[in-house]
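Structure file upload-v3.pdb (PDB, C-alpha atoms and all ligand atoms) follows.
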ATOM      1  CA  MET I  20     100.068 134.745  90.271  1.00  0.00           C
ATOM      2  CA  SER I  21     103.432 136.114  89.208  1.00  0.00           C
ATOM      3  CA  LYS I  22     106.419 133.867  89.659  1.00  0.00           C
ATOM      4  CA  ILE I  23     109.999 134.608  90.599  1.00  0.00           C
ATOM      5  CA  ILE I  24     112.603 132.307  89.112  1.00  0.00           C
ATOM      6  CA  GLY I  25     116.008 131.884  90.708  1.00  0.00           C
ATOM      7  CA  ILE I  26     119.017 131.345  88.483  1.00  0.00           C
ATOM      8  CA  LEU I  27     121.995 129.769  90.225  1.00  0.00           C
ATOM      9  CA  ALA I  28     124.806 132.237  89.579  1.00  0.00           C
ATOM     10  CA  LEU I  29     127.837 130.742  91.329  1.00  0.00           C
ATOM     11  CA  GLN I  30     129.501 130.208  87.961  1.00  0.00           C
ATOM     12  CA  GLY I  31     128.737 129.814  84.272  1.00  0.00           C
ATOM     13  CA  ALA I  32     126.190 130.927  81.678  1.00  0.00           C
ATOM     14  CA  TYR I  33     123.428 132.351  83.862  1.00  0.00           C
ATOM     15  CA  GLN I  34     122.903 135.814  82.348  1.00  0.00           C
ATOM     16  CA  LYS I  35     121.086 134.820  79.179  1.00  0.00           C
ATOM     17  CA  HIS I  36     118.417 132.972  81.158  1.00  0.00           C
ATOM     18  CA  VAL I  37     117.481 136.349  82.641  1.00  0.00           C
ATOM     19  CA  ASP I  38     116.797 137.549  79.063  1.00  0.00           C
ATOM     20  CA  SER I  39     114.805 134.425  78.076  1.00  0.00           C
ATOM     21  CA  LEU I  40     112.618 134.805  81.166  1.00  0.00           C
ATOM     22  CA  SER I  41     112.136 138.536  80.722  1.00  0.00           C
ATOM     23  CA  ARG I  42     110.980 137.893  77.128  1.00  0.00           C
ATOM     24  CA  LEU I  43     108.242 135.819  78.754  1.00  0.00           C
ATOM     25  CA  GLY I  44     107.509 138.592  81.260  1.00  0.00           C
ATOM     26  CA  ILE I  45     108.963 136.556  84.142  1.00  0.00           C
ATOM     27  CA  GLU I  46     111.010 138.089  86.937  1.00  0.00           C
ATOM     28  CA  SER I  47     114.248 136.364  87.926  1.00  0.00           C
ATOM     29  CA  ARG I  48     116.868 136.563  90.685  1.00  0.00           C
ATOM     30  CA  LEU I  49     120.505 135.580  90.564  1.00  0.00           C
ATOM     31  CA  ILE I  50     121.169 133.153  93.422  1.00  0.00           C
ATOM     32  CA  ARG I  51     124.499 133.019  95.213  1.00  0.00           C
ATOM     33  CA  LYS I  52     123.434 132.083  98.750  1.00  0.00           C
ATOM     34  CA  THR I  53     120.912 129.761 100.334  1.00  0.00           C
ATOM     35  CA  ALA I  54     118.751 132.556 101.795  1.00  0.00           C
ATOM     36  CA  GLU I  55     118.163 133.938  98.285  1.00  0.00           C
ATOM     37  CA  LEU I  56     116.255 130.763  97.381  1.00  0.00           C
ATOM     38  CA  ASP I  57     113.468 131.662  99.819  1.00  0.00           C
ATOM     39  CA  ASP I  58     111.508 133.916  97.466  1.00  0.00           C
ATOM     40  CA  CYS I  59     111.884 131.668  94.419  1.00  0.00           C
ATOM     41  CA  ASP I  60     109.158 129.549  92.841  1.00  0.00           C
ATOM     42  CA  GLY I  61     111.594 127.604  90.661  1.00  0.00           C
ATOM     43  CA  LEU I  62     115.306 127.388  89.915  1.00  0.00           C
ATOM     44  CA  ILE I  63     117.449 127.221  86.787  1.00  0.00           C
ATOM     45  CA  ILE I  64     120.876 125.605  87.127  1.00  0.00           C
ATOM     46  CA  PRO I  65     122.733 126.993  84.104  1.00  0.00           C
ATOM     47  CA  GLY I  66     125.551 125.710  81.931  1.00  0.00           C
ATOM     48  CA  GLY I  67     129.157 126.197  82.914  1.00  0.00           C
ATOM     49  CA  GLU I  68     131.734 123.795  84.226  1.00  0.00           C
ATOM     50  CA  SER I  69     130.239 121.078  86.411  1.00  0.00           C
ATOM     51  CA  THR I  70     133.461 120.288  88.314  1.00  0.00           C
ATOM     52  CA  THR I  71     133.756 123.961  89.361  1.00  0.00           C
ATOM     53  CA  MET I  72     130.030 124.307  89.986  1.00  0.00           C
ATOM     54  CA  SER I  73     130.055 121.225  92.210  1.00  0.00           C
ATOM     55  CA  LEU I  74     132.959 122.663  94.216  1.00  0.00           C
ATOM     56  CA  LEU I  75     131.255 126.058  94.610  1.00  0.00           C
ATOM     57  CA  ILE I  76     127.939 124.481  95.642  1.00  0.00           C
ATOM     58  CA  ASN I  77     129.773 122.577  98.371  1.00  0.00           C
ATOM     59  CA  GLN I  78     131.837 125.590  99.464  1.00  0.00           C
ATOM     60  CA  SER I  79     128.774 127.813  99.718  1.00  0.00           C
ATOM     61  CA  GLY I  80     126.917 125.189 101.765  1.00  0.00           C
ATOM     62  CA  MET I  81     124.151 124.976  99.161  1.00  0.00           C
ATOM     63  CA  TYR I  82     124.237 121.252  98.463  1.00  0.00           C
ATOM     64  CA  GLU I  83     121.445 120.284 100.892  1.00  0.00           C
ATOM     65  CA  PRO I  84     119.375 123.473 100.472  1.00  0.00           C
ATOM     66  CA  LEU I  85     119.291 122.882  96.694  1.00  0.00           C
ATOM     67  CA  GLN I  86     118.226 119.273  97.203  1.00  0.00           C
ATOM     68  CA  GLN I  87     115.508 120.397  99.600  1.00  0.00           C
ATOM     69  CA  PHE I  88     114.346 123.113  97.210  1.00  0.00           C
ATOM     70  CA  SER I  89     113.979 120.513  94.441  1.00  0.00           C
ATOM     71  CA  GLN I  90     111.698 118.406  96.618  1.00  0.00           C
ATOM     72  CA  SER I  91     108.954 121.011  96.451  1.00  0.00           C
ATOM     73  CA  LYS I  92     109.853 123.392  93.578  1.00  0.00           C
ATOM     74  CA  PRO I  93     110.634 122.883  89.870  1.00  0.00           C
ATOM     75  CA  VAL I  94     114.230 122.836  88.689  1.00  0.00           C
ATOM     76  CA  MET I  95     115.563 123.170  85.142  1.00  0.00           C
ATOM     77  CA  GLY I  96     119.172 122.150  84.490  1.00  0.00           C
ATOM     78  CA  VAL I  97     121.083 123.121  81.368  1.00  0.00           C
ATOM     79  CA  CYS I  98     124.270 121.364  80.282  1.00  0.00           C
ATOM     80  CA  ALA I  99     126.502 121.563  83.406  1.00  0.00           C
ATOM     81  CA  GLY I 100     123.183 122.138  85.246  1.00  0.00           C
ATOM     82  CA  MET I 101     121.885 118.876  83.763  1.00  0.00           C
ATOM     83  CA  ILE I 102     125.004 117.128  85.058  1.00  0.00           C
ATOM     84  CA  MET I 103     124.357 118.598  88.531  1.00  0.00           C
ATOM     85  CA  MET I 104     120.776 117.215  88.482  1.00  0.00           C
ATOM     86  CA  ALA I 105     121.916 113.631  87.812  1.00  0.00           C
ATOM     87  CA  SER I 106     122.081 110.766  90.300  1.00  0.00           C
ATOM     88  CA  SER I 107     125.525 109.794  89.116  1.00  0.00           C
ATOM     89  CA  VAL I 108     128.215 111.261  86.871  1.00  0.00           C
ATOM     90  CA  ASP I 109     131.085 109.583  85.010  1.00  0.00           C
ATOM     91  CA  ASP I 110     133.540 111.944  86.735  1.00  0.00           C
ATOM     92  CA  GLU I 111     134.117 111.591  90.459  1.00  0.00           C
ATOM     93  CA  ARG I 112     135.077 115.278  90.811  1.00  0.00           C
ATOM     94  CA  VAL I 113     131.378 116.098  90.436  1.00  0.00           C
ATOM     95  CA  THR I 114     129.022 115.449  93.348  1.00  0.00           C
ATOM     96  CA  PRO I 115     125.596 115.619  91.697  1.00  0.00           C
ATOM     97  CA  LEU I 116     122.461 116.801  93.499  1.00  0.00           C
ATOM     98  CA  ARG I 117     120.528 113.585  92.654  1.00  0.00           C
ATOM     99  CA  ILE I 118     117.380 115.434  91.620  1.00  0.00           C
ATOM    100  CA  LEU I 119     116.522 113.019  88.778  1.00  0.00           C
ATOM    101  CA  PRO I 120     117.341 109.318  88.305  1.00  0.00           C
ATOM    102  CA  PHE I 121     119.867 109.203  85.444  1.00  0.00           C
ATOM    103  CA  LYS I 122     123.599 109.079  84.845  1.00  0.00           C
ATOM    104  CA  ALA I 123     125.319 112.034  83.147  1.00  0.00           C
ATOM    105  CA  LEU I 124     128.236 111.545  80.784  1.00  0.00           C
ATOM    106  CA  ARG I 125     130.391 114.666  80.672  1.00  0.00           C
ATOM    107  CA  ASN I 126     131.490 116.057  77.286  1.00  0.00           C
ATOM    108  CA  HIS I 127     129.657 113.224  75.533  1.00  0.00           C
ATOM    109  CA  TYR I 128     129.048 115.409  72.460  1.00  0.00           C
ATOM    110  CA  GLY I 129     132.631 116.594  72.163  1.00  0.00           C
ATOM    111  CA  ARG I 130     134.864 119.207  73.754  1.00  0.00           C
ATOM    112  CA  GLN I 131     134.730 122.973  73.112  1.00  0.00           C
ATOM    113  CA  VAL I 132     136.071 122.644  69.576  1.00  0.00           C
ATOM    114  CA  ASN I 133     133.191 120.315  68.818  1.00  0.00           C
ATOM    115  CA  SER I 134     130.415 122.707  69.793  1.00  0.00           C
ATOM    116  CA  PHE I 135     127.658 122.576  67.216  1.00  0.00           C
ATOM    117  CA  THR I 136     124.038 123.426  66.561  1.00  0.00           C
ATOM    118  CA  ALA I 137     121.303 121.088  65.374  1.00  0.00           C
ATOM    119  CA  ASP I 138     117.626 121.441  64.596  1.00  0.00           C
ATOM    120  CA  ILE I 139     115.763 119.143  66.929  1.00  0.00           C
ATOM    121  CA  ARG I 140     112.143 118.088  67.175  1.00  0.00           C
ATOM    122  CA  LEU I 141     110.416 118.693  70.505  1.00  0.00           C
ATOM    123  CA  ASN I 142     108.359 115.680  71.626  1.00  0.00           C
ATOM    124  CA  PHE I 143     106.256 117.637  74.099  1.00  0.00           C
ATOM    125  CA  THR I 144     104.440 119.784  71.571  1.00  0.00           C
ATOM    126  CA  ASP I 145     102.380 119.230  68.410  1.00  0.00           C
ATOM    127  CA  ASP I 146     104.239 122.207  67.002  1.00  0.00           C
ATOM    128  CA  GLU I 147     106.329 120.779  64.111  1.00  0.00           C
ATOM    129  CA  GLU I 148     108.721 123.740  64.148  1.00  0.00           C
ATOM    130  CA  PRO I 149     112.209 122.413  65.045  1.00  0.00           C
ATOM    131  CA  LEU I 150     114.269 124.091  67.764  1.00  0.00           C
ATOM    132  CA  HIS I 151     117.726 125.326  66.887  1.00  0.00           C
ATOM    133  CA  ALA I 152     119.719 123.713  69.708  1.00  0.00           C
ATOM    134  CA  HIS I 153     123.211 124.829  70.739  1.00  0.00           C
ATOM    135  CA  PHE I 154     125.469 122.078  72.081  1.00  0.00           C
ATOM    136  CA  ILE I 155     128.624 123.205  73.908  1.00  0.00           C
ATOM    137  CA  ARG I 156     130.725 120.316  75.261  1.00  0.00           C
ATOM    138  CA  ALA I 157     127.313 118.832  75.920  1.00  0.00           C
ATOM    139  CA  PRO I 158     126.615 115.954  78.288  1.00  0.00           C
ATOM    140  CA  GLY I 159     124.900 112.733  77.331  1.00  0.00           C
ATOM    141  CA  VAL I 160     122.530 110.778  79.543  1.00  0.00           C
ATOM    142  CA  THR I 161     122.188 107.089  80.245  1.00  0.00           C
ATOM    143  CA  ASP I 162     120.597 104.725  82.785  1.00  0.00           C
ATOM    144  CA  LEU I 163     117.299 106.638  82.815  1.00  0.00           C
ATOM    145  CA  GLY I 164     115.231 105.638  85.846  1.00  0.00           C
ATOM    146  CA  ALA I 165     111.554 104.687  85.791  1.00  0.00           C
ATOM    147  CA  GLY I 166     109.275 107.643  85.190  1.00  0.00           C
ATOM    148  CA  ILE I 167     111.771 109.768  83.251  1.00  0.00           C
ATOM    149  CA  GLU I 168     110.255 111.153  80.058  1.00  0.00           C
ATOM    150  CA  GLU I 169     112.332 111.696  76.924  1.00  0.00           C
ATOM    151  CA  LEU I 170     111.309 115.155  75.728  1.00  0.00           C
ATOM    152  CA  ALA I 171     113.745 115.478  72.804  1.00  0.00           C
ATOM    153  CA  GLN I 172     116.366 113.336  71.091  1.00  0.00           C
ATOM    154  CA  TYR I 173     119.407 113.964  68.964  1.00  0.00           C
ATOM    155  CA  ASP I 174     120.970 111.159  66.983  1.00  0.00           C
ATOM    156  CA  HIS I 175     118.433 108.740  68.577  1.00  0.00           C
ATOM    157  CA  SER I 176     119.632 109.582  72.100  1.00  0.00           C
ATOM    158  CA  PRO I 177     117.823 111.648  74.742  1.00  0.00           C
ATOM    159  CA  ILE I 178     119.026 115.253  75.092  1.00  0.00           C
ATOM    160  CA  MET I 179     116.077 116.616  77.047  1.00  0.00           C
ATOM    161  CA  ILE I 180     114.456 114.653  79.850  1.00  0.00           C
ATOM    162  CA  GLY I 181     111.877 115.431  82.479  1.00  0.00           C
ATOM    163  CA  MET I 182     110.104 114.043  85.483  1.00  0.00           C
ATOM    164  CA  ASN I 183     107.553 115.672  87.776  1.00  0.00           C
ATOM    165  CA  LYS I 184     108.233 119.407  87.476  1.00  0.00           C
ATOM    166  CA  HIS I 185     111.895 119.081  86.611  1.00  0.00           C
ATOM    167  CA  ILE I 186     113.594 119.152  83.230  1.00  0.00           C
ATOM    168  CA  ALA I 187     117.235 118.677  82.236  1.00  0.00           C
ATOM    169  CA  LEU I 188     118.786 119.510  78.863  1.00  0.00           C
ATOM    170  CA  SER I 189     122.089 118.742  77.131  1.00  0.00           C
ATOM    171  CA  PHE I 190     121.814 121.906  75.019  1.00  0.00           C
ATOM    172  CA  HIS I 191     121.468 125.641  75.776  1.00  0.00           C
ATOM    173  CA  PRO I 192     117.917 126.946  75.119  1.00  0.00           C
ATOM    174  CA  GLU I 193     118.857 130.432  76.385  1.00  0.00           C
ATOM    175  CA  LEU I 194     121.132 131.001  73.387  1.00  0.00           C
ATOM    176  CA  THR I 195     118.226 131.389  70.952  1.00  0.00           C
ATOM    177  CA  ALA I 196     115.259 133.735  70.927  1.00  0.00           C
ATOM    178  CA  ASP I 197     113.045 130.623  70.957  1.00  0.00           C
ATOM    179  CA  THR I 198     111.473 130.510  74.412  1.00  0.00           C
ATOM    180  CA  ARG I 199     109.514 127.260  74.013  1.00  0.00           C
ATOM    181  CA  ILE I 200     111.687 125.297  76.458  1.00  0.00           C
ATOM    182  CA  HIS I 201     111.424 127.878  79.242  1.00  0.00           C
ATOM    183  CA  GLN I 202     107.716 128.178  78.496  1.00  0.00           C
ATOM    184  CA  TYR I 203     107.193 124.411  78.698  1.00  0.00           C
ATOM    185  CA  TRP I 204     108.975 124.250  82.070  1.00  0.00           C
ATOM    186  CA  LEU I 205     106.984 127.211  83.419  1.00  0.00           C
ATOM    187  CA  SER I 206     103.736 125.523  82.324  1.00  0.00           C
ATOM    188  CA  LYS I 207     104.460 122.767  84.854  1.00  0.00           C
ATOM    189  CA  PHE I 208     104.283 125.162  87.818  1.00  0.00           C
ATOM    190  CA  SER I 209     101.059 124.870  89.793  1.00  0.00           C
TER
HETATM  191  N1  LIG J 301     131.248 120.160  79.635  1.00  0.00           N
HETATM  192  C1  LIG J 301     130.782 120.963  80.729  1.00  0.00           C
HETATM  193  C2  LIG J 301     130.839 120.175  82.021  1.00  0.00           C
HETATM  194  O1  LIG J 301     131.155 119.037  82.017  1.00  0.00           O
HETATM  195  C3  LIG J 301     129.387 121.472  80.476  1.00  0.00           C
HETATM  196  C4  LIG J 301     129.393 122.435  79.338  1.00  0.00           C
HETATM  197  C5  LIG J 301     128.277 123.445  79.388  1.00  0.00           C
HETATM  198  O2  LIG J 301     127.642 123.650  80.394  1.00  0.00           O
HETATM  199  N2  LIG J 301     128.084 124.116  78.271  1.00  0.00           N
HETATM  200  O3  LIG J 301     130.548 120.689  83.041  1.00  0.00           O
END
As structure tokens, how would this structure be written, given the file I've shared?
Amino acid sequence: MSKIIGILALQGAYQKHVDSLSRLGIESRLIRKTAELDDCDGLIIPGGESTTMSLLINQSGMYEPLQQFSQSKPVMGVCAGMIMMASSVDDERVTPLRILPFKALRNHYGRQVNSFTADIRLNFTDDEEPLHAHFIRAPGVTDLGAGIEELAQYDHSPIMIGMNKHIALSFHPELTADTRIHQYWLSKFS
């Protein structure tokens, strides 16, 4: 069955996810209102600025609809999207969606000037090929709740976590032609 993936497009780096999904032959929709979630089988919350994204989610009345969506459909959060998926954030200007049990630490891997790339090993595949990960003012994670899986680490700390059908990443997988992260997430759909 063909899937339609929503990409939350209130703010931030949503466009390149369209390209990653189309490379995999997957149709996507940019989501700016609650009703647009109806046709979607899964949702990507992209990178951006979590304080602004949090504000826009509240202003557009999407806070509860997004939480409800996550109760039955898979969500992937990237960078600011990861922060939005947390249960708590070290910045009270962000009201997270509490999709996964962990605490997000904003800008843990440095501010814009400290953006960097690193080759990381993916724990969820036997494929030894490292992934070239782009970190842009990337969040860290701490206080991982029971049942959270560590899917990749950098510097001995988790940078990709997952539970049930959800994944959250500190780095931006849409900035490379490597589609293994999107593919892994899509493989969790029933
Ligand atoms: N530092 C940003 C924030 O706190 C996230 C950066 C990103 O999404 N690339 O929201």
| message | Please return as a ChimeraX atom specification the residues found within 8 Å of ligand LIG 301 (chain J), counting all atoms listed in the file. | response | /I:31-32,65-72,97-100,102,125-126,130-131,154-158,190-191
Run the PyMOL selection byres (((chain I and resi 87-93) around 10) and not hetatm) on the file and write out the hits as a PDB file with C-alpha atoms, in the coordinates of the input.
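So part_38.pdb came out as:
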ATOM      1  CA  ILE I  24     112.603 132.307  89.112  1.00  0.00           C
ATOM      2  CA  THR I  53     120.912 129.761 100.334  1.00  0.00           C
ATOM      3  CA  LEU I  56     116.255 130.763  97.381  1.00  0.00           C
ATOM      4  CA  ASP I  57     113.468 131.662  99.819  1.00  0.00           C
ATOM      5  CA  CYS I  59     111.884 131.668  94.419  1.00  0.00           C
ATOM      6  CA  ASP I  60     109.158 129.549  92.841  1.00  0.00           C
ATOM      7  CA  GLY I  61     111.594 127.604  90.661  1.00  0.00           C
ATOM      8  CA  LEU I  62     115.306 127.388  89.915  1.00  0.00           C
ATOM      9  CA  ILE I  63     117.449 127.221  86.787  1.00  0.00           C
ATOM     10  CA  MET I  81     124.151 124.976  99.161  1.00  0.00           C
ATOM     11  CA  TYR I  82     124.237 121.252  98.463  1.00  0.00           C
ATOM     12  CA  GLU I  83     121.445 120.284 100.892  1.00  0.00           C
ATOM     13  CA  PRO I  84     119.375 123.473 100.472  1.00  0.00           C
ATOM     14  CA  LEU I  85     119.291 122.882  96.694  1.00  0.00           C
ATOM     15  CA  GLN I  86     118.226 119.273  97.203  1.00  0.00           C
ATOM     16  CA  VAL I  94     114.230 122.836  88.689  1.00  0.00           C
ATOM     17  CA  MET I  95     115.563 123.170  85.142  1.00  0.00           C
ATOM     18  CA  MET I 104     120.776 117.215  88.482  1.00  0.00           C
ATOM     19  CA  LEU I 116     122.461 116.801  93.499  1.00  0.00           C
ATOM     20  CA  ARG I 117     120.528 113.585  92.654  1.00  0.00           C
ATOM     21  CA  ILE I 118     117.380 115.434  91.620  1.00  0.00           C
ATOM     22  CA  LEU I 119     116.522 113.019  88.778  1.00  0.00           C
ATOM     23  CA  MET I 182     110.104 114.043  85.483  1.00  0.00           C
ATOM     24  CA  ASN I 183     107.553 115.672  87.776  1.00  0.00           C
ATOM     25  CA  LYS I 184     108.233 119.407  87.476  1.00  0.00           C
ATOM     26  CA  HIS I 185     111.895 119.081  86.611  1.00  0.00           C
ATOM     27  CA  ILE I 186     113.594 119.152  83.230  1.00  0.00           C
ATOM     28  CA  TRP I 204     108.975 124.250  82.070  1.00  0.00           C
ATOM     29  CA  LEU I 205     106.984 127.211  83.419  1.00  0.00           C
ATOM     30  CA  LYS I 207     104.460 122.767  84.854  1.00  0.00           C
ATOM     31  CA  PHE I 208     104.283 125.162  87.818  1.00  0.00           C
ATOM     32  CA  SER I 209     101.059 124.870  89.793  1.00  0.00           C
TER      33      SER I 209
END
| task | Pull out every residue that the PyMOL selection byres (((chain I and resi 107) around 9) and not hetatm) matches in the shown coordinates and put them as a PyMOL selection string. | result | chain I and resi 102-106+108-111+113-117+120-124
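Distance-wise, CA of Leu170 (chain I) and CA of Phe143 (chain I) end up 5.9 Å apart.
You can rank I:Met101, I:Ile76, I:Val37, I:Ile178 by their closest distance to Lys52 (chain I) using all atoms listed in the file, and at the top of that list sits I:Ile76.
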| task | List the residues sitting within 7 Å of (119.4, 109.6, 78.9) in the file's frame, using all atoms listed in the file, as JSON, numbers by chain. | result | {"I": [121, 159, 160, 161, 162, 163, 176, 177, 178]}
Quick one: residues within 12 Å of Ala196 (chain I), all atoms listed in the file counted, chain neighbours fewer than 5 positions away excluded, as a short mmCIF file (atom, residue, chain, number, x, y, z; two decimals) with C-alpha atoms, in the coordinates of the input?
data_model
loop_
_atom_site.label_atom_id
_atom_site.label_comp_id
_atom_site.auth_asym_id
_atom_site.auth_seq_id
_atom_site.Cartn_x
_atom_site.Cartn_y
_atom_site.Cartn_z
CA LYS I 35 121.09 134.82 79.18
CA HIS I 36 118.42 132.97 81.16
CA ASP I 38 116.80 137.55 79.06
CA SER I 39 114.80 134.43 78.08
CA LEU I 40 112.62 134.80 81.17
CA SER I 41 112.14 138.54 80.72
CA ARG I 42 110.98 137.89 77.13
CA LEU I 43 108.24 135.82 78.75
CA LEU I 150 114.27 124.09 67.76
CA HIS I 151 117.73 125.33 66.89
CA ALA I 152 119.72 123.71 69.71
CA HIS I 153 123.21 124.83 70.74
CA HIS I 191 121.47 125.64 75.78
CA HIS I 201 111.42 127.88 79.24
#
| note | In Å and to one decimal, CA of Ala171 (chain I) is distant from CA of Pro192 (chain I) by 12.4 Å
| remark: Between I:Arg199, I:Lys22, I:Arg140, I:Arg112, smallest distance to Ser73 (chain I) by all atoms listed in the file belongs to I:Arg112
| message | With distances taken over all atoms listed in the file, which residue among I:Ser21, I:Ile26, I:Asn77, I:Ile64 lies nearest Gly44 (chain I)? | response | I:Ser21
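If you look at CA of Glu148 (chain I) and CA of Asn133 (chain I), they are 25.1 Å away from each other.
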